[in-house]
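Asks: Shown below is the structure under consideration.
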Amino acid sequence: MNFFFRLIYKVNTLALACILRGILLDNWARDYIDKFPQGTIIDVGVSLNTRCERLNNDGISYFEIDLPDTMNLRRKLVNEKSNRKFINGSILNNAWIEKVAATNPGNQPCLFIIEGVLQYLDEKKVKKVFSSIKNNFPGSLVAFDLISPSMIKKSKNAANTSLSKINAEFTWGLLNPLDIHSWDKEYKIVDVKTYFDLPDKYLDREFNLIQRLVFKFVPYPVKMVLLKIK
């Protein structure tokens with residue numbers, strides 16, 4: 001684990017990208033809490049994320065899901081509470097559904113935050129994730145990060161990258177998030193953001209003025225997507 005952090009955070013650009021991504025997803029989470037102050041948030045692929053602390057809200061039910069090794073480490077650093085539960089497992093295994101559904105008797109919409117996960121799955125598995133949410137939590141929102149096919153290609157051609165060092169590979173991405181509409185008539189993209197939608201104070205450190213102007217006209221390869229499942 002120490003090796004992983006030294007490897008990832010040695011690359012300042014990647015570290016900053018993770019921070020900017022988190023800010024955008026946090027904003028959607030706060031919007032959801034404003035609308036559903038006793039709602040349910042499911043944070044998938046949580047790793048050592050501190051979103052629950054940043055939101056600092058005891059009124060919601062909060063579930064954090066990740067693979068067993070990661071969750072075992074998390075339990076050494078963070079305590080569960082009555083409204084905050086950890087779940088060992090994969091989003092592809094439906095064992096987590098019963099645990100989450102038991103806390104949502106009113107069947108109000110949930111918010112799923114899937115950060116840094118879907119790009120490592122193939123499209124068939126991504127569709128399975130969305131289908132599981134649709135079948136068990138209708139009306140919910142899914143917030144996730146989406147990379148472009150060009151970014152997948154670039155990662156495969158770059159031999160000396162952080163991904164290659166940890167045996168990870170980008171697999172799924174879309175140039176246009178609206179393509180998801182063709183998967184199911186119940187899917188609706190309600191918002192799309194990029195880092196350049198954030199205030200300048202967050203961007204000055206990494207992107208110069210010319211880069212920011214370029215990406216106002218050229219699609220940026222990473223997007224945050226908010227999907228409504230009717």
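Ordering of the structure tokens sets the chain letters (A, B, ...), residue numbers begin anew at 1 in every chain, and ligands are numbered from 1 in the order given.
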Report the residues of chain A whose backbone DSSP state falls under strand (DSSP E or B), written as a PyMOL selection string.
Replies: chain A and resi 40-44+61-66+81+84-88+111-114+141-147+187-193+222-229
Asks: Using C-alpha atoms, can you write the selected residues to a file as a PDB file, in the first residue's frame?
Replies:
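Saved file result.pdb follows:
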ATOM      1  CA  THR A  40     -28.934   7.039   1.132  1.00  0.00           C
ATOM      2  CA  ILE A  41     -25.520   7.432  -0.506  1.00  0.00           C
ATOM      3  CA  ILE A  42     -23.559   4.427  -1.726  1.00  0.00           C
ATOM      4  CA  ASP A  43     -19.871   5.140  -2.346  1.00  0.00           C
ATOM      5  CA  VAL A  44     -18.453   2.439  -4.628  1.00  0.00           C
ATOM      6  CA  SER A  61     -27.386   6.614   5.487  1.00  0.00           C
ATOM      7  CA  TYR A  62     -23.921   6.126   4.008  1.00  0.00           C
ATOM      8  CA  PHE A  63     -22.524   2.878   2.602  1.00  0.00           C
ATOM      9  CA  GLU A  64     -18.937   2.406   1.490  1.00  0.00           C
ATOM     10  CA  ILE A  65     -18.099  -0.535  -0.767  1.00  0.00           C
ATOM     11  CA  ASP A  66     -14.721  -1.890  -1.817  1.00  0.00           C
ATOM     12  CA  LYS A  81     -21.333   4.355  12.851  1.00  0.00           C
ATOM     13  CA  ARG A  84     -22.287   4.601   8.159  1.00  0.00           C
ATOM     14  CA  LYS A  85     -21.577   1.021   7.130  1.00  0.00           C
ATOM     15  CA  PHE A  86     -18.727  -0.703   5.313  1.00  0.00           C
ATOM     16  CA  ILE A  87     -19.372  -3.499   2.824  1.00  0.00           C
ATOM     17  CA  ASN A  88     -16.682  -5.903   1.631  1.00  0.00           C
ATOM     18  CA  LEU A 111     -27.216   8.390  -4.882  1.00  0.00           C
ATOM     19  CA  PHE A 112     -24.518   6.019  -6.130  1.00  0.00           C
ATOM     20  CA  ILE A 113     -21.036   7.527  -6.421  1.00  0.00           C
ATOM     21  CA  ILE A 114     -18.810   5.278  -8.524  1.00  0.00           C
ATOM     22  CA  LEU A 141     -28.875   8.840  -9.405  1.00  0.00           C
ATOM     23  CA  VAL A 142     -25.472   7.534 -10.426  1.00  0.00           C
ATOM     24  CA  ALA A 143     -22.471   9.889 -10.383  1.00  0.00           C
ATOM     25  CA  PHE A 144     -19.335   8.581 -12.056  1.00  0.00           C
ATOM     26  CA  ASP A 145     -16.199   9.584 -13.922  1.00  0.00           C
ATOM     27  CA  LEU A 146     -15.966   8.806 -17.617  1.00  0.00           C
ATOM     28  CA  ILE A 147     -12.837   8.710 -19.753  1.00  0.00           C
ATOM     29  CA  TYR A 187     -31.435   6.096 -18.490  1.00  0.00           C
ATOM     30  CA  LYS A 188     -31.151   9.861 -18.678  1.00  0.00           C
ATOM     31  CA  ILE A 189     -27.976  11.939 -18.410  1.00  0.00           C
ATOM     32  CA  VAL A 190     -28.929  14.953 -16.290  1.00  0.00           C
ATOM     33  CA  ASP A 191     -25.537  16.659 -15.952  1.00  0.00           C
ATOM     34  CA  VAL A 192     -21.992  16.486 -17.292  1.00  0.00           C
ATOM     35  CA  LYS A 193     -19.029  18.359 -15.841  1.00  0.00           C
ATOM     36  CA  VAL A 222     -12.288  13.084 -18.502  1.00  0.00           C
ATOM     37  CA  LYS A 223     -15.883  13.934 -17.624  1.00  0.00           C
ATOM     38  CA  MET A 224     -18.030  13.634 -14.517  1.00  0.00           C
ATOM     39  CA  VAL A 225     -21.457  12.274 -15.411  1.00  0.00           C
ATOM     40  CA  LEU A 226     -24.707  12.316 -13.433  1.00  0.00           C
ATOM     41  CA  LEU A 227     -27.127   9.650 -14.626  1.00  0.00           C
ATOM     42  CA  LYS A 228     -30.777   9.414 -13.608  1.00  0.00           C
ATOM     43  CA  ILE A 229     -32.282   5.939 -13.652  1.00  0.00           C
TER      44      ILE A 229
END
Asks: List every residue of segment 19-192 of chain A that DSSP, applied to the backbone, labels as helix (DSSP H, G or I), and write the result as a ChimeraX atom specification.
Replies: /A:19-35,51-55,68-77,95-101,118-120,123-136,149-157,162-165,177-182
Asks: Store the residues picked out above, limited to C-alpha atoms, as a PDB file, in the first residue's frame.
Replies:
ATOM      1  CA  ILE A  19      -8.812  16.135  -6.042  1.00  0.00           C
ATOM      2  CA  LEU A  20     -10.724  17.995  -8.778  1.00  0.00           C
ATOM      3  CA  ARG A  21     -12.785  14.896  -9.514  1.00  0.00           C
ATOM      4  CA  GLY A  22     -13.643  14.628  -5.840  1.00  0.00           C
ATOM      5  CA  ILE A  23     -14.780  18.266  -5.667  1.00  0.00           C
ATOM      6  CA  LEU A  24     -17.201  17.802  -8.566  1.00  0.00           C
ATOM      7  CA  LEU A  25     -18.646  14.594  -7.127  1.00  0.00           C
ATOM      8  CA  ASP A  26     -18.911  16.157  -3.660  1.00  0.00           C
ATOM      9  CA  ASN A  27     -20.952  19.009  -5.145  1.00  0.00           C
ATOM     10  CA  TRP A  28     -23.478  16.548  -6.573  1.00  0.00           C
ATOM     11  CA  ALA A  29     -23.593  14.721  -3.231  1.00  0.00           C
ATOM     12  CA  ARG A  30     -24.435  17.974  -1.417  1.00  0.00           C
ATOM     13  CA  ASP A  31     -27.155  18.717  -3.964  1.00  0.00           C
ATOM     14  CA  TYR A  32     -28.622  15.279  -3.303  1.00  0.00           C
ATOM     15  CA  ILE A  33     -28.555  15.776   0.474  1.00  0.00           C
ATOM     16  CA  ASP A  34     -30.316  19.130   0.097  1.00  0.00           C
ATOM     17  CA  LYS A  35     -33.134  17.346  -1.745  1.00  0.00           C
ATOM     18  CA  ARG A  51     -16.042  12.004   1.293  1.00  0.00           C
ATOM     19  CA  CYS A  52     -18.241  10.978   4.227  1.00  0.00           C
ATOM     20  CA  GLU A  53     -16.175  13.213   6.517  1.00  0.00           C
ATOM     21  CA  ARG A  54     -16.287  16.065   4.032  1.00  0.00           C
ATOM     22  CA  LEU A  55     -20.064  15.884   3.731  1.00  0.00           C
ATOM     23  CA  PRO A  68     -11.946  -6.973   1.128  1.00  0.00           C
ATOM     24  CA  ASP A  69      -8.240  -6.047   1.342  1.00  0.00           C
ATOM     25  CA  THR A  70      -9.041  -2.358   0.951  1.00  0.00           C
ATOM     26  CA  MET A  71     -11.936  -2.422   3.403  1.00  0.00           C
ATOM     27  CA  ASN A  72      -9.877  -4.279   6.002  1.00  0.00           C
ATOM     28  CA  LEU A  73      -7.313  -1.472   5.854  1.00  0.00           C
ATOM     29  CA  ARG A  74     -10.074   1.129   5.987  1.00  0.00           C
ATOM     30  CA  ARG A  75     -11.473  -0.411   9.164  1.00  0.00           C
ATOM     31  CA  LYS A  76      -8.122   0.166  10.845  1.00  0.00           C
ATOM     32  CA  LEU A  77      -8.352   3.890  10.117  1.00  0.00           C
ATOM     33  CA  ALA A  95     -24.689  -9.403  -2.227  1.00  0.00           C
ATOM     34  CA  TRP A  96     -24.493  -5.691  -1.300  1.00  0.00           C
ATOM     35  CA  ILE A  97     -28.007  -4.972  -2.571  1.00  0.00           C
ATOM     36  CA  GLU A  98     -29.880  -6.543   0.349  1.00  0.00           C
ATOM     37  CA  LYS A  99     -27.781  -4.656   2.896  1.00  0.00           C
ATOM     38  CA  VAL A 100     -28.470  -1.310   1.274  1.00  0.00           C
ATOM     39  CA  ALA A 101     -32.148  -1.984   0.532  1.00  0.00           C
ATOM     40  CA  LEU A 118     -15.990   1.862 -14.268  1.00  0.00           C
ATOM     41  CA  GLN A 119     -13.050   2.608 -16.564  1.00  0.00           C
ATOM     42  CA  TYR A 120     -11.444  -0.655 -15.411  1.00  0.00           C
ATOM     43  CA  GLU A 123     -18.790  -2.428 -21.290  1.00  0.00           C
ATOM     44  CA  LYS A 124     -20.790  -5.586 -20.523  1.00  0.00           C
ATOM     45  CA  LYS A 125     -19.926  -5.268 -16.822  1.00  0.00           C
ATOM     46  CA  VAL A 126     -20.668  -1.531 -16.784  1.00  0.00           C
ATOM     47  CA  LYS A 127     -24.106  -2.280 -18.196  1.00  0.00           C
ATOM     48  CA  LYS A 128     -24.588  -4.938 -15.513  1.00  0.00           C
ATOM     49  CA  VAL A 129     -23.816  -2.379 -12.780  1.00  0.00           C
ATOM     50  CA  PHE A 130     -26.386   0.086 -14.131  1.00  0.00           C
ATOM     51  CA  SER A 131     -28.941  -2.685 -14.639  1.00  0.00           C
ATOM     52  CA  SER A 132     -28.562  -3.861 -11.022  1.00  0.00           C
ATOM     53  CA  ILE A 133     -29.174  -0.328  -9.783  1.00  0.00           C
ATOM     54  CA  LYS A 134     -32.181   0.075 -12.085  1.00  0.00           C
ATOM     55  CA  ASN A 135     -33.779  -3.206 -10.976  1.00  0.00           C
ATOM     56  CA  ASN A 136     -33.281  -2.649  -7.259  1.00  0.00           C
ATOM     57  CA  PRO A 149     -11.478   6.193 -25.910  1.00  0.00           C
ATOM     58  CA  SER A 150      -8.431   8.303 -26.758  1.00  0.00           C
ATOM     59  CA  MET A 151      -7.377   8.213 -23.119  1.00  0.00           C
ATOM     60  CA  ILE A 152      -7.688   4.413 -23.116  1.00  0.00           C
ATOM     61  CA  LYS A 153      -5.520   4.218 -26.221  1.00  0.00           C
ATOM     62  CA  LYS A 154      -2.949   6.595 -24.771  1.00  0.00           C
ATOM     63  CA  SER A 155      -2.711   4.563 -21.551  1.00  0.00           C
ATOM     64  CA  LYS A 156      -2.088   1.356 -23.521  1.00  0.00           C
ATOM     65  CA  ASN A 157       0.677   2.960 -25.579  1.00  0.00           C
ATOM     66  CA  SER A 162       1.446   4.510 -12.894  1.00  0.00           C
ATOM     67  CA  LEU A 163      -1.217   2.128 -14.272  1.00  0.00           C
ATOM     68  CA  SER A 164       1.384  -0.206 -15.742  1.00  0.00           C
ATOM     69  CA  LYS A 165       3.195  -0.370 -12.411  1.00  0.00           C
ATOM     70  CA  PRO A 177     -21.917  10.341 -22.427  1.00  0.00           C
ATOM     71  CA  LEU A 178     -25.274  10.593 -24.226  1.00  0.00           C
ATOM     72  CA  ASP A 179     -24.471   7.266 -25.912  1.00  0.00           C
ATOM     73  CA  ILE A 180     -25.646   5.666 -22.644  1.00  0.00           C
ATOM     74  CA  HIS A 181     -29.206   6.634 -23.582  1.00  0.00           C
ATOM     75  CA  SER A 182     -29.135   3.896 -26.235  1.00  0.00           C
TER      76      SER A 182
END
